[in-house]
file coords-v5.txt (compact mmCIF, C-alpha atoms)
# COMPACT_ATOMS: atom_id res chain seq x y z
CA MET A 87 0.00 0.00 0.00
CA GLU A 88 2.78 2.33 0.84
CA GLU A 89 4.47 1.46 -2.42
CA ARG A 90 1.26 2.12 -4.31
CA ASP A 91 0.86 5.38 -2.49
CA ALA A 92 4.31 6.26 -3.70
CA ASP A 93 3.11 5.81 -7.27
CA ALA A 94 0.30 8.27 -6.62
CA GLN A 95 2.77 10.80 -5.23
CA LEU A 96 4.99 10.41 -8.27
CA MET A 97 2.06 11.03 -10.53
CA LEU A 98 1.17 14.16 -8.61
CA ARG A 99 4.72 15.40 -8.92
CA TYR A 100 4.65 14.76 -12.62
CA ALA A 101 1.37 16.67 -12.88
CA ALA A 102 3.15 19.59 -11.21
CA GLY A 103 5.82 19.56 -13.91
CA ASP A 104 8.44 17.15 -12.61
CA ALA A 105 9.60 15.11 -15.62
CA ARG A 106 11.86 12.90 -13.52
CA ALA A 107 8.89 11.79 -11.42
CA PHE A 108 7.31 10.31 -14.49
CA GLU A 109 10.50 8.52 -15.43
CA GLU A 110 10.53 6.79 -12.07
CA LEU A 111 6.82 6.04 -12.22
CA TYR A 112 7.22 4.53 -15.67
CA ASP A 113 10.13 2.38 -14.61
CA ARG A 114 8.19 0.93 -11.70
CA ASN A 115 5.15 -0.10 -13.77
CA ARG A 116 6.32 -0.67 -17.35
CA SER A 117 6.95 -4.44 -17.22
CA GLY A 118 3.84 -5.47 -15.32
CA LEU A 119 1.65 -3.34 -17.54
CA TRP A 120 3.25 -4.73 -20.66
CA ARG A 121 2.68 -8.31 -19.52
CA PHE A 122 -0.90 -7.53 -18.61
CA ILE A 123 -1.59 -6.12 -22.05
CA ARG A 124 0.33 -8.94 -23.71
CA ARG A 125 -1.73 -11.63 -22.01
CA LEU A 126 -4.98 -9.77 -22.51
CA VAL A 127 -4.60 -8.84 -26.17
CA ARG A 128 -2.85 -12.10 -27.11
CA ASP A 129 -1.28 -10.38 -30.09
CA ALA A 130 2.41 -9.52 -30.03
CA GLY A 131 2.09 -6.89 -32.75
CA ALA A 132 -0.82 -5.10 -31.10
CA THR A 133 0.73 -5.19 -27.63
CA ASP A 134 3.16 -2.33 -28.38
CA ASP A 135 0.40 -0.19 -29.86
CA VAL A 136 -1.91 -0.72 -26.91
CA PHE A 137 0.98 -0.22 -24.49
CA GLN A 138 1.97 3.13 -26.02
CA GLU A 139 -1.64 4.26 -26.23
CA CYS A 140 -2.10 3.47 -22.57
CA TRP A 141 0.84 5.60 -21.45
CA SER A 142 -0.21 8.40 -23.77
CA ARG A 143 -3.52 8.53 -21.96
CA VAL A 144 -1.71 8.61 -18.63
CA ILE A 145 0.42 11.52 -19.80
CA GLY A 146 -2.57 13.36 -21.18
CA SER A 147 -4.54 12.92 -17.98
CA ARG A 148 -1.85 14.18 -15.68
CA GLU A 149 -3.66 17.45 -14.98
CA ARG A 150 -6.93 15.69 -14.22
CA TYR A 151 -5.40 12.97 -12.02
CA ARG A 152 -6.79 12.73 -8.51
CA PRO A 153 -5.51 10.05 -6.12
CA THR A 154 -8.97 8.72 -5.26
CA ALA A 155 -7.72 5.14 -5.68
CA ARG A 156 -4.44 3.34 -5.99
CA PHE A 157 -2.36 4.45 -8.93
CA THR A 158 -2.06 0.90 -10.29
CA THR A 159 -5.83 0.52 -10.18
CA TRP A 160 -6.16 3.68 -12.25
CA LEU A 161 -3.34 2.61 -14.60
CA TYR A 162 -4.75 -0.88 -15.28
CA ARG A 163 -8.20 0.56 -15.75
CA ILE A 164 -6.77 2.68 -18.55
CA ALA A 165 -4.96 -0.33 -19.97
CA HIS A 166 -8.14 -2.41 -19.98
CA ASN A 167 -9.99 0.36 -21.78
CA CYS A 168 -7.25 0.52 -24.37
CA CYS A 169 -7.53 -3.23 -24.92
CA MET A 170 -11.25 -2.96 -25.38
CA ASP A 171 -10.77 -0.16 -27.89
CA HIS A 172 -8.29 -2.34 -29.71
CA TRP A 173 -10.77 -5.21 -29.86
CA ARG A 174 -13.45 -2.87 -31.07
CA LYS A 175 -11.25 -1.44 -33.83
CA SER A 176 -10.00 -4.80 -34.94
CA GLY A 177 -13.51 -6.20 -34.90
CA ARG A 178 -12.30 -9.26 -33.06
CA ARG A 179 -13.51 -10.24 -29.70
CA ALA A 180 -12.50 -13.64 -28.40
CA ALA A 181 -15.31 -13.92 -25.96
CA HIS A 182 -15.36 -17.68 -26.05
CA GLU A 183 -12.78 -20.26 -25.22
CA THR A 184 -10.77 -21.23 -28.22
CA THR A 185 -9.52 -24.69 -28.93
CA ASP A 186 -6.97 -23.63 -31.50
CA ASP A 187 -3.75 -24.72 -29.82
CA ASP A 188 -1.57 -22.94 -32.31
CA ALA A 189 -3.36 -19.66 -31.79
CA ILE A 190 -3.25 -20.04 -28.08
CA ALA A 191 0.40 -20.95 -28.11
CA ALA A 192 1.19 -17.99 -30.28
CA ALA A 193 -0.71 -15.72 -27.97
CA ALA A 194 1.10 -17.10 -24.98
CA ASP A 195 4.52 -16.83 -26.62
CA VAL A 196 4.89 -20.57 -26.30
CA PRO A 197 6.24 -22.73 -29.16
CA ALA A 198 3.38 -24.76 -30.59
CA SER A 199 5.25 -27.94 -31.35
CA GLY A 200 8.61 -29.61 -31.38
CA PRO A 201 10.84 -30.87 -28.61
CA LEU A 202 11.35 -27.43 -27.27
CA ALA A 203 7.62 -26.84 -27.24
CA ILE A 204 7.13 -30.01 -25.24
CA ALA A 205 9.82 -29.03 -22.79
CA VAL A 206 8.39 -25.59 -22.38
CA ALA A 207 4.90 -26.91 -22.06
CA GLY A 208 6.11 -29.17 -19.28
CA GLU A 209 6.98 -26.27 -17.18
CA ALA A 210 4.29 -24.85 -14.95
CA ARG A 211 4.68 -21.41 -16.28
CA GLY A 212 4.24 -22.48 -19.82
CA ARG A 213 1.20 -24.51 -18.93
CA LEU A 214 -0.18 -21.59 -16.99
CA ASN A 215 0.22 -19.21 -19.90
CA LEU A 216 -1.44 -21.67 -22.23
CA ALA A 217 -4.28 -22.22 -19.82
CA LEU A 218 -4.61 -18.49 -19.36
CA ALA A 219 -4.81 -17.91 -23.11
CA ARG A 220 -7.56 -20.48 -23.32
CA LEU A 221 -9.74 -18.78 -20.73
CA PRO A 222 -12.79 -16.84 -21.88
CA GLU A 223 -12.06 -13.19 -22.18
CA GLU A 224 -14.20 -12.09 -19.25
CA GLN A 225 -12.49 -14.58 -16.94
CA ARG A 226 -9.04 -13.81 -18.28
CA VAL A 227 -9.65 -10.04 -17.83
CA ALA A 228 -10.90 -10.52 -14.32
CA PHE A 229 -7.97 -12.81 -13.42
CA LEU A 230 -5.32 -10.48 -14.83
CA LEU A 231 -6.91 -7.35 -13.33
CA TYR A 232 -6.84 -9.12 -10.02
CA VAL A 233 -3.33 -10.59 -10.21
CA GLU A 234 -1.41 -8.12 -12.37
CA GLY A 235 -3.48 -4.95 -11.76
CA GLY A 236 -3.95 -5.48 -8.06
CA MET A 237 -7.64 -4.52 -8.25
CA SER A 238 -10.20 -5.62 -5.71
CA VAL A 239 -13.32 -7.52 -6.62
CA ALA A 240 -15.37 -4.29 -6.38
CA GLU A 241 -12.96 -2.46 -8.64
CA ILE A 242 -13.00 -5.31 -11.13
CA ALA A 243 -16.79 -5.23 -11.10
CA GLN A 244 -16.79 -1.50 -11.73
CA GLN A 245 -14.23 -1.70 -14.47
CA THR A 246 -15.95 -4.53 -16.32
CA ASP A 247 -19.44 -3.10 -15.83
CA ALA A 248 -20.50 -6.16 -13.92
CA GLY A 249 -21.85 -6.84 -10.47
CA ALA A 250 -19.62 -7.78 -7.61
CA GLU A 251 -20.94 -11.36 -7.55
CA THR A 252 -20.39 -11.70 -11.27
CA ALA A 253 -16.83 -10.49 -10.95
CA LYS A 254 -16.22 -12.92 -8.10
CA SER A 255 -17.68 -15.79 -10.06
CA ARG A 256 -15.47 -15.02 -13.00
CA LEU A 257 -12.39 -15.06 -10.79
CA ARG A 258 -13.49 -18.31 -9.20
CA TYR A 259 -14.01 -20.05 -12.51
CA ALA A 260 -10.73 -18.67 -13.88
CA VAL A 261 -8.69 -19.98 -10.95
CA ALA A 262 -10.43 -23.33 -11.16
CA ARG A 263 -9.48 -23.80 -14.77
CA LEU A 264 -5.93 -22.69 -14.19
CA LYS A 265 -5.53 -25.08 -11.30
CA GLU A 266 -6.88 -27.88 -13.41
CA ALA A 267 -4.27 -27.11 -16.07
CA LEU A 268 -1.41 -26.84 -13.59
CA GLY A 269 -2.32 -29.77 -11.45
CA ASP A 270 0.13 -30.08 -8.60
CA ASP A 271 2.03 -27.00 -9.74
CA ALA A 272 -0.91 -24.79 -8.94
CA PRO A 273 -0.38 -22.36 -6.06
CA VAL A 274 -1.95 -23.26 -2.80
CA ASP A 275 -4.49 -20.75 -1.49
CA MET B 106 -9.38 -19.32 -1.47
CA ASP B 107 -8.95 -16.42 0.76
CA PRO B 108 -11.83 -16.34 3.23
CA ARG B 109 -12.16 -12.58 2.73
CA ASN B 110 -14.68 -11.69 0.09
CA ASP B 111 -12.48 -9.07 -1.37
CA GLU B 112 -9.57 -11.56 -1.72
CA PRO B 113 -10.81 -14.68 -3.53
CA PHE B 114 -7.25 -16.13 -3.80
CA ASP B 115 -3.63 -15.22 -3.18
CA ARG B 116 -2.69 -12.95 -6.03
CA GLU B 117 1.01 -12.81 -5.14
CA ALA B 118 1.46 -16.55 -5.56
CA TRP B 119 -0.13 -16.54 -8.92
CA ARG B 120 1.87 -13.44 -9.88
CA LYS B 121 5.10 -15.26 -9.08
CA LEU B 122 3.94 -18.24 -11.05
CA LEU B 123 3.11 -16.07 -14.05
CA GLY B 124 6.64 -14.71 -13.89
CA THR B 125 8.24 -11.97 -15.83
CA ASP B 126 9.52 -13.80 -18.87
CA THR B 127 6.50 -13.04 -20.97
CA GLY B 128 8.29 -10.11 -22.36
CA ALA B 129 8.88 -6.43 -21.84
CA PRO B 130 8.69 -3.26 -23.85
CA THR B 131 11.68 -2.47 -26.00
CA ARG B 132 14.07 0.35 -25.21
CA ASP B 133 12.87 2.24 -28.24
CA MET B 134 9.37 2.10 -26.86
CA ASP B 135 10.67 3.42 -23.56
CA ARG B 136 12.39 6.36 -25.25
CA ARG B 137 9.27 7.32 -27.18
CA ILE B 138 7.08 7.30 -24.12
CA LEU B 139 9.52 9.28 -22.00
CA ALA B 140 10.00 11.82 -24.79
CA GLU B 141 6.25 12.29 -24.99
CA SER B 142 6.06 12.88 -21.25
CA ARG B 143 8.71 15.61 -21.49
CA ARG B 144 7.18 17.15 -24.61
CA THR B 145 3.84 17.53 -22.85
CA LEU B 146 5.46 19.54 -20.09
CA ALA B 147 7.36 21.96 -22.37
CA PRO B 148 4.46 23.98 -23.94
CA ARG B 149 2.91 24.49 -20.55
CA VAL B 150 5.51 27.07 -19.58
CA ALA B 151 5.08 29.14 -22.72
CA ARG B 152 1.40 28.41 -23.23
CA TRP B 153 0.45 31.97 -22.49
CA TRP B 154 2.62 33.19 -25.31
CA LEU B 155 0.24 31.95 -27.98
CA PRO B 156 -2.86 33.91 -27.00
CA ALA B 157 -0.76 36.93 -26.12
CA SER B 158 0.93 36.89 -29.51
CA LEU B 159 -2.39 36.46 -31.29
CA ALA B 160 -3.88 39.37 -29.38
CA ALA B 161 -0.88 41.56 -30.15
CA SER B 162 -1.03 40.66 -33.84
CA LEU B 163 -4.71 41.45 -33.99
CA LEU B 164 -4.24 44.77 -32.26
CA LEU B 165 -1.39 45.70 -34.58
CA ALA B 166 -3.46 44.84 -37.62
CA VAL B 167 -6.35 47.00 -36.39
CA LEU B 168 -4.05 49.96 -35.72
CA LEU B 169 -2.46 49.70 -39.14
CA VAL B 170 -5.80 49.61 -40.86
CA GLN B 171 -7.01 52.62 -38.92
CA ARG B 172 -3.87 54.53 -39.75
CA GLN B 173 -4.22 53.78 -43.42
CA LEU B 174 -7.77 54.97 -43.41
CA ALA B 175 -6.81 58.19 -41.64
CA VAL B 176 -3.84 59.02 -43.87
CA ALA B 177 -5.20 58.08 -47.23
CA PRO B 178 -7.41 60.80 -48.66
CA ALA B 179 -10.86 59.91 -49.60
CA PRO B 180 -11.10 58.87 -53.19
CA VAL B 181 -12.24 61.74 -55.30
CA SER B 182 -15.24 60.87 -57.29
CA GLU B 183 -16.57 62.80 -60.18
CA SER B 184 -19.53 63.82 -58.11
CA ASP B 185 -17.26 65.56 -55.58
CA VAL B 186 -15.59 67.70 -58.20
CA GLU B 187 -17.80 70.02 -60.13
CA LEU B 188 -16.60 69.35 -63.56
CA PRO B 189 -18.40 70.59 -66.55
CA PRO B 190 -19.60 68.03 -68.96
CA ALA B 191 -16.98 66.48 -71.16
CA GLN B 192 -18.22 68.41 -74.11
CA ASP B 193 -17.85 71.69 -72.29
CA ARG B 194 -14.52 70.70 -70.90
CA TYR B 195 -13.28 70.07 -74.38
CA TYR B 196 -14.77 73.30 -75.36
CA ASP B 197 -12.94 75.06 -72.54
CA LEU B 198 -9.60 73.55 -73.39
CA SER B 199 -9.58 74.77 -76.93
CA PRO B 200 -9.31 78.37 -77.77
CA PRO B 201 -12.82 79.45 -77.50
CA PRO B 202 -14.05 80.43 -80.87
CA ALA B 203 -16.34 82.81 -79.10
CA VAL B 204 -13.28 84.96 -78.56
CA ASP B 205 -13.16 85.64 -82.26
CA LEU B 206 -16.84 85.84 -82.62
CA PRO B 207 -17.22 89.03 -80.64
CA ALA B 208 -14.52 90.61 -82.80
CA GLU B 209 -16.20 89.56 -85.98
CA GLY B 210 -19.60 90.34 -84.82
CA SER B 211 -18.65 93.41 -82.98
CA ALA B 212 -20.19 95.45 -85.68
CA VAL B 213 -23.22 93.34 -85.35
CA THR B 214 -23.36 93.04 -81.63
CA GLN B 215 -22.54 96.62 -81.10
CA THR B 216 -25.96 97.46 -82.10
CA PRO B 217 -27.28 100.85 -81.98
CA ALA B 218 -30.06 99.35 -79.97
CA ALA B 219 -27.86 99.45 -76.95
CA GLU B 220 -27.50 103.06 -77.51
CA VAL B 221 -31.08 103.64 -78.36
CA PRO B 222 -32.39 104.11 -74.88
CA ALA B 223 -29.55 106.42 -74.03
CA ALA B 224 -29.86 108.26 -77.25
CA ARG B 225 -33.55 108.41 -76.90
CA PHE B 226 -33.31 110.08 -73.55
CA GLU B 227 -30.30 112.14 -74.39
CA MET B 228 -31.44 113.54 -77.62
CA PRO B 229 -34.08 115.86 -76.20
CA MET B 230 -31.41 117.28 -73.99
CA THR B 231 -28.83 117.56 -76.65
CA LEU B 232 -31.06 118.88 -79.29
CA PRO B 233 -30.33 122.50 -80.08
CA PRO B 234 -33.25 124.82 -79.75
CA PRO B 235 -35.22 124.87 -82.94
CA ALA B 236 -34.91 128.60 -83.05
CA GLU B 237 -31.19 128.27 -83.45
CA GLU B 238 -31.57 125.92 -86.33
CA ALA B 239 -34.10 127.98 -88.14
CA PRO B 240 -31.59 130.30 -89.72
CA ALA B 241 -29.59 127.32 -90.83
CA ALA B 242 -32.49 125.48 -92.35
CA ALA B 243 -31.45 126.36 -95.87
CA PRO B 244 -30.18 122.90 -96.79
CA VAL B 245 -33.00 120.53 -97.55
CA VAL B 246 -31.43 117.77 -95.53
CA ALA B 247 -31.65 119.80 -92.42
CA ALA B 248 -35.15 120.93 -93.21
CA PRO B 249 -37.07 117.97 -91.75
CA GLU B 250 -35.19 118.11 -88.51
CA PRO B 251 -37.31 120.86 -87.08
CA ALA B 252 -40.35 118.65 -87.76
CA LEU B 253 -38.67 115.77 -85.96
CA GLN B 254 -37.71 117.97 -83.12
CA GLU B 255 -41.29 118.96 -82.76
CA MET B 256 -42.06 115.47 -81.60
CA PHE B 257 -39.15 115.26 -79.17
CA VAL B 258 -39.40 118.54 -77.31
CA THR B 259 -41.31 118.85 -74.09
CA GLY B 260 -44.16 121.19 -73.36
CA SER B 261 -41.86 123.91 -72.21
CA ARG B 262 -40.36 123.99 -75.62
CA ALA B 263 -43.58 123.45 -77.44
CA SER B 264 -43.85 127.04 -78.47
CA GLU B 265 -40.36 127.10 -79.78
CA ALA B 266 -40.92 123.90 -81.60
CA LYS B 267 -44.05 125.22 -83.03
CA SER B 268 -42.32 128.04 -84.65
CA ALA B 269 -39.83 125.63 -85.95
CA ALA B 270 -42.60 123.37 -87.12
CA ASP B 271 -44.13 126.24 -89.01
CA GLN B 272 -40.91 126.69 -90.71
CA SER B 273 -40.66 123.08 -91.41
CA GLU B 274 -44.04 122.98 -93.04
CA ALA B 275 -42.58 124.96 -95.75
CA ALA B 276 -39.89 122.37 -95.90
CA LEU B 277 -42.52 119.68 -96.40
CA ALA B 278 -43.63 121.22 -99.61
CA PRO B 279 -42.80 119.38 -102.74
CA PRO B 280 -39.15 119.24 -102.64
CA PRO B 281 -37.05 120.78 -105.22
CA PRO B 282 -35.57 118.47 -107.76
CA ALA B 283 -32.28 118.40 -105.88
CA ALA B 284 -34.00 116.86 -102.88
CA SER B 285 -35.31 113.87 -104.83
CA ALA B 286 -31.82 112.63 -105.43
CA VAL B 287 -31.11 112.81 -101.79
CA SER B 288 -34.32 111.05 -100.94
CA SER B 289 -33.60 108.32 -103.43
CA ARG B 290 -30.29 107.81 -101.81
CA MET B 291 -32.01 107.65 -98.48
CA ILE B 292 -34.40 105.02 -99.79
CA GLY B 293 -31.49 102.99 -100.96
CA ASN B 294 -29.84 103.30 -97.64
CA LEU B 295 -32.95 102.28 -95.85
CA SER B 296 -33.40 99.27 -98.06
CA ALA B 297 -29.84 98.19 -97.51
CA GLU B 298 -30.23 98.59 -93.84
CA ARG B 299 -33.43 96.62 -93.85
CA GLU B 300 -31.77 93.74 -95.63
CA ASN B 301 -29.24 93.64 -92.89
CA ALA B 302 -31.50 92.15 -90.29
CA THR B 303 -28.87 92.25 -87.55
CA THR B 304 -28.65 96.08 -87.77
CA LEU B 305 -30.94 97.98 -85.44
CA ARG B 306 -31.00 101.69 -85.96
CA PRO B 307 -31.91 104.17 -83.30
CA ALA B 308 -35.56 105.00 -83.28
CA GLU B 309 -35.08 108.70 -83.66
CA GLU B 310 -32.80 108.36 -86.60
CA TRP B 311 -35.05 105.86 -88.26
CA TYR B 312 -38.15 107.95 -87.76
CA ALA B 313 -36.37 110.99 -89.09
CA GLU B 314 -35.60 109.11 -92.23
CA ILE B 315 -39.22 108.08 -92.51
CA VAL B 316 -40.22 111.69 -92.24
CA LYS B 317 -37.74 112.60 -94.90
CA LEU B 318 -39.16 109.97 -97.19
CA ARG B 319 -42.61 111.27 -96.74
CA ALA B 320 -41.43 114.81 -97.23
CA ALA B 321 -39.75 113.69 -100.41
CA GLY B 322 -43.02 112.33 -101.67
CA HIS B 323 -42.28 108.64 -101.18
CA ALA B 324 -45.36 107.88 -99.22
CA LYS B 325 -45.39 104.22 -100.08
CA GLU B 326 -41.85 103.66 -98.97
CA ALA B 327 -42.45 105.81 -95.94
CA ASP B 328 -45.46 103.72 -95.00
CA GLU B 329 -43.48 100.52 -95.34
CA GLU B 330 -40.69 101.89 -93.24
CA LEU B 331 -43.17 103.12 -90.70
CA ALA B 332 -44.70 99.65 -90.48
CA GLN B 333 -41.30 98.16 -89.84
CA PHE B 334 -40.59 100.91 -87.38
CA LYS B 335 -43.74 100.16 -85.42
CA ILE B 336 -42.83 96.50 -85.28
CA THR B 337 -39.39 97.27 -84.04
CA TYR B 338 -40.36 100.03 -81.67
CA PRO B 339 -44.02 99.47 -80.93
CA ASP B 340 -44.25 101.84 -78.03
CA TRP B 341 -41.94 104.55 -79.21
CA LEU B 342 -44.50 106.64 -81.06
CA GLU B 343 -46.97 106.46 -78.22
CA MET B 344 -44.39 107.60 -75.76
CA GLU B 345 -43.36 110.46 -77.96
CA HIS B 346 -46.95 111.53 -78.33
CA LYS B 347 -47.29 111.55 -74.57
CA LYS B 348 -44.31 113.80 -74.30
CA ASP B 349 -45.79 116.17 -76.78
CA PRO B 350 -49.51 115.90 -76.44

call {"tool": "encode", "arguments": {"input": "coords-v5.txt", "output": "structure tokens"}}
result
Amino acid sequence: MEERDADAQLMLRYAAGDARAFEELYDRNRSGLWRFIRRLVRDAGATDDVFQECWSRVIGSRERYRPTARFTTWLYRIAHNCCMDHWRKSGRRAAHETTDDDAIAAAADVPASGPLAIAVAGEARGRLNLALARLPEEQRVAFLLYVEGGMSVAEIAQQTDAGAETAKSRLRYAVARLKEALGDDAPVD
Amino acid sequence: MDPRNDEPFDREAWRKLLGTDTGAPTRDMDRRILAESRRTLAPRVARWWLPASLAASLLLAVLLVQRQLAVAPAPVSESDVELPPAQDRYYDLSPPPAVDLPAEGSAVTQTPAAEVPAARFEMPMTLPPPAEEAPAAAPVVAAPEPALQEMFVTGSRASEAKSAADQSEAALAPPPPAASAVSSRMIGNLSAERENATTLRPAEEWYAEIVKLRAAGHAKEADEELAQFKITYPDWLEMEHKKDP
């Protein structure tokens, strides 16, 4: 919490005209945000576009920023909106679970076949990324907003325009599927 | 599952499992984003310059326009300048032929008519008393003058004129043969003068000639001249009669 509060302070300093504050803020959040977008969009080429668009909105909103919530919550809310805009522009919305292993593997940056693919797939992380790519979009969004974005169930509900119980159900189903894919490698609650 | 409603499961464990090897933004991407963040801050300092410069430019333009309108004279239109018509202007530029016309027509324009009123009013005053002319009435030409004077003189001189008129009656007798030549010459002169329509003789002189014609026995010519005289000077005879009732 203190670390997240620090992000809010950096953003306020940047809003006041401190360019170095933004540099530090960007360095603290760039990787996690990129991974979040990468796993949500499932398109390597579109990830950079969405990522840059997201930070452009952050920069443009610096004067209107008010620390009413955690900075990461605000940042990942912007990122999710950028992903939805991307889906809307591309006319593609993978709302349902896909069974195309090649597409899923490509989205998860996991080799589809070959000895290396098998070795990678044997690792928990690889299996987790594949399982994550196979999740329905609503569940995947909820899971990533919760894990990567650090949002609460209420914040996820607000961001996805869903009720709190719906958001909780989506998280529950997402974790269940991921645990099924990981087996014994699944984290223990 | 986390028993708290707001924490369905341990996010940190799953975050560690997801790892960080999915990828990261490139350094070029980092440079672009940081440059944009700095570029957004730069115009903020000088943002006020833009409206200030626009306002100054607008004010300068307005002042220049006003100055131009104040310095430049109003365009002169033809209606502002009273110019004569083009035809008259051309006429004015060239040597007016009218300059020559008065010289040529001076003999015509210098009509005796201008002198008629003066002569008409001067003659009674300049006329010598008929008594003085009586001794010199020997020439036939001078003979009718006493008769003419009889019509000019006022009542105070009526008696004197009368005596002169008596003397002139004798002059009205059939003229001697020498007088006919003179009267013929007079007729010729009168005819020539009549042909010249622009010439206007004094009334007194003209009437005297009419009297001479009649005295010479040329009643017809005298009547014709008298008719012309009455047309030219319709009121002259009446006024003379009033002077000498």

call {"tool": "interface_residues", "arguments": {"input": "coords-v5.txt", "of": "chain B", "to": "chain A", "cutoff": "7 Å", "atoms": "only C-alpha atoms", "output": "PyMOL selection string"}}
result
chain B and resi 106-107+111+114-116+118-120+122-123+127-130+138-139+142-143+146

call {"tool": "write_last_selection", "arguments": {"input": "coords-v5.txt", "atoms": "C-alpha atoms", "output": "CSV table (one decimal), in the coordinates of the input"}}
result
chain,number,residue,atom,x,y,z
B,106,MET,CA,-9.4,-19.3,-1.5
B,107,ASP,CA,-9.0,-16.4,0.8
B,111,ASP,CA,-12.5,-9.1,-1.4
B,114,PHE,CA,-7.2,-16.1,-3.8
B,115,ASP,CA,-3.6,-15.2,-3.2
B,116,ARG,CA,-2.7,-13.0,-6.0
B,118,ALA,CA,1.5,-16.6,-5.6
B,119,TRP,CA,-0.1,-16.5,-8.9
B,120,ARG,CA,1.9,-13.4,-9.9
B,122,LEU,CA,3.9,-18.2,-11.0
B,123,LEU,CA,3.1,-16.1,-14.0
B,127,THR,CA,6.5,-13.0,-21.0
B,128,GLY,CA,8.3,-10.1,-22.4
B,129,ALA,CA,8.9,-6.4,-21.8
B,130,PRO,CA,8.7,-3.3,-23.8
B,138,ILE,CA,7.1,7.3,-24.1
B,139,LEU,CA,9.5,9.3,-22.0
B,142,SER,CA,6.1,12.9,-21.2
B,143,ARG,CA,8.7,15.6,-21.5
B,146,LEU,CA,5.5,19.5,-20.1

call {"tool": "atom_distance", "arguments": {"input": "coords-v5.txt", "atom1": "CA of Pro156 in chain B", "atom2": "CA of Ala140 in chain B"}}
result
25.7 Å

call {"tool": "residues_near_point", "arguments": {"input": "coords-v5.txt", "point": "(-12.7, -6.0, -16.1)", "cutoff": "10 Å", "atoms": "all atoms listed in the file", "output": "number ranges by chain"}}
result
A: 162-163, 166-167, 170, 223-232, 237, 239, 241-248, 253, 256

call {"tool": "atom_distance", "arguments": {"input": "coords-v5.txt", "atom1": "CA of Gly177 in chain A", "atom2": "CA of Ile123 in chain A"}}
result
17.5 Å

call {"tool": "atom_distance", "arguments": {"input": "coords-v5.txt", "atom1": "CA of Gly131 in chain A", "atom2": "CA of Arg114 in chain A"}}
result
23.3 Å
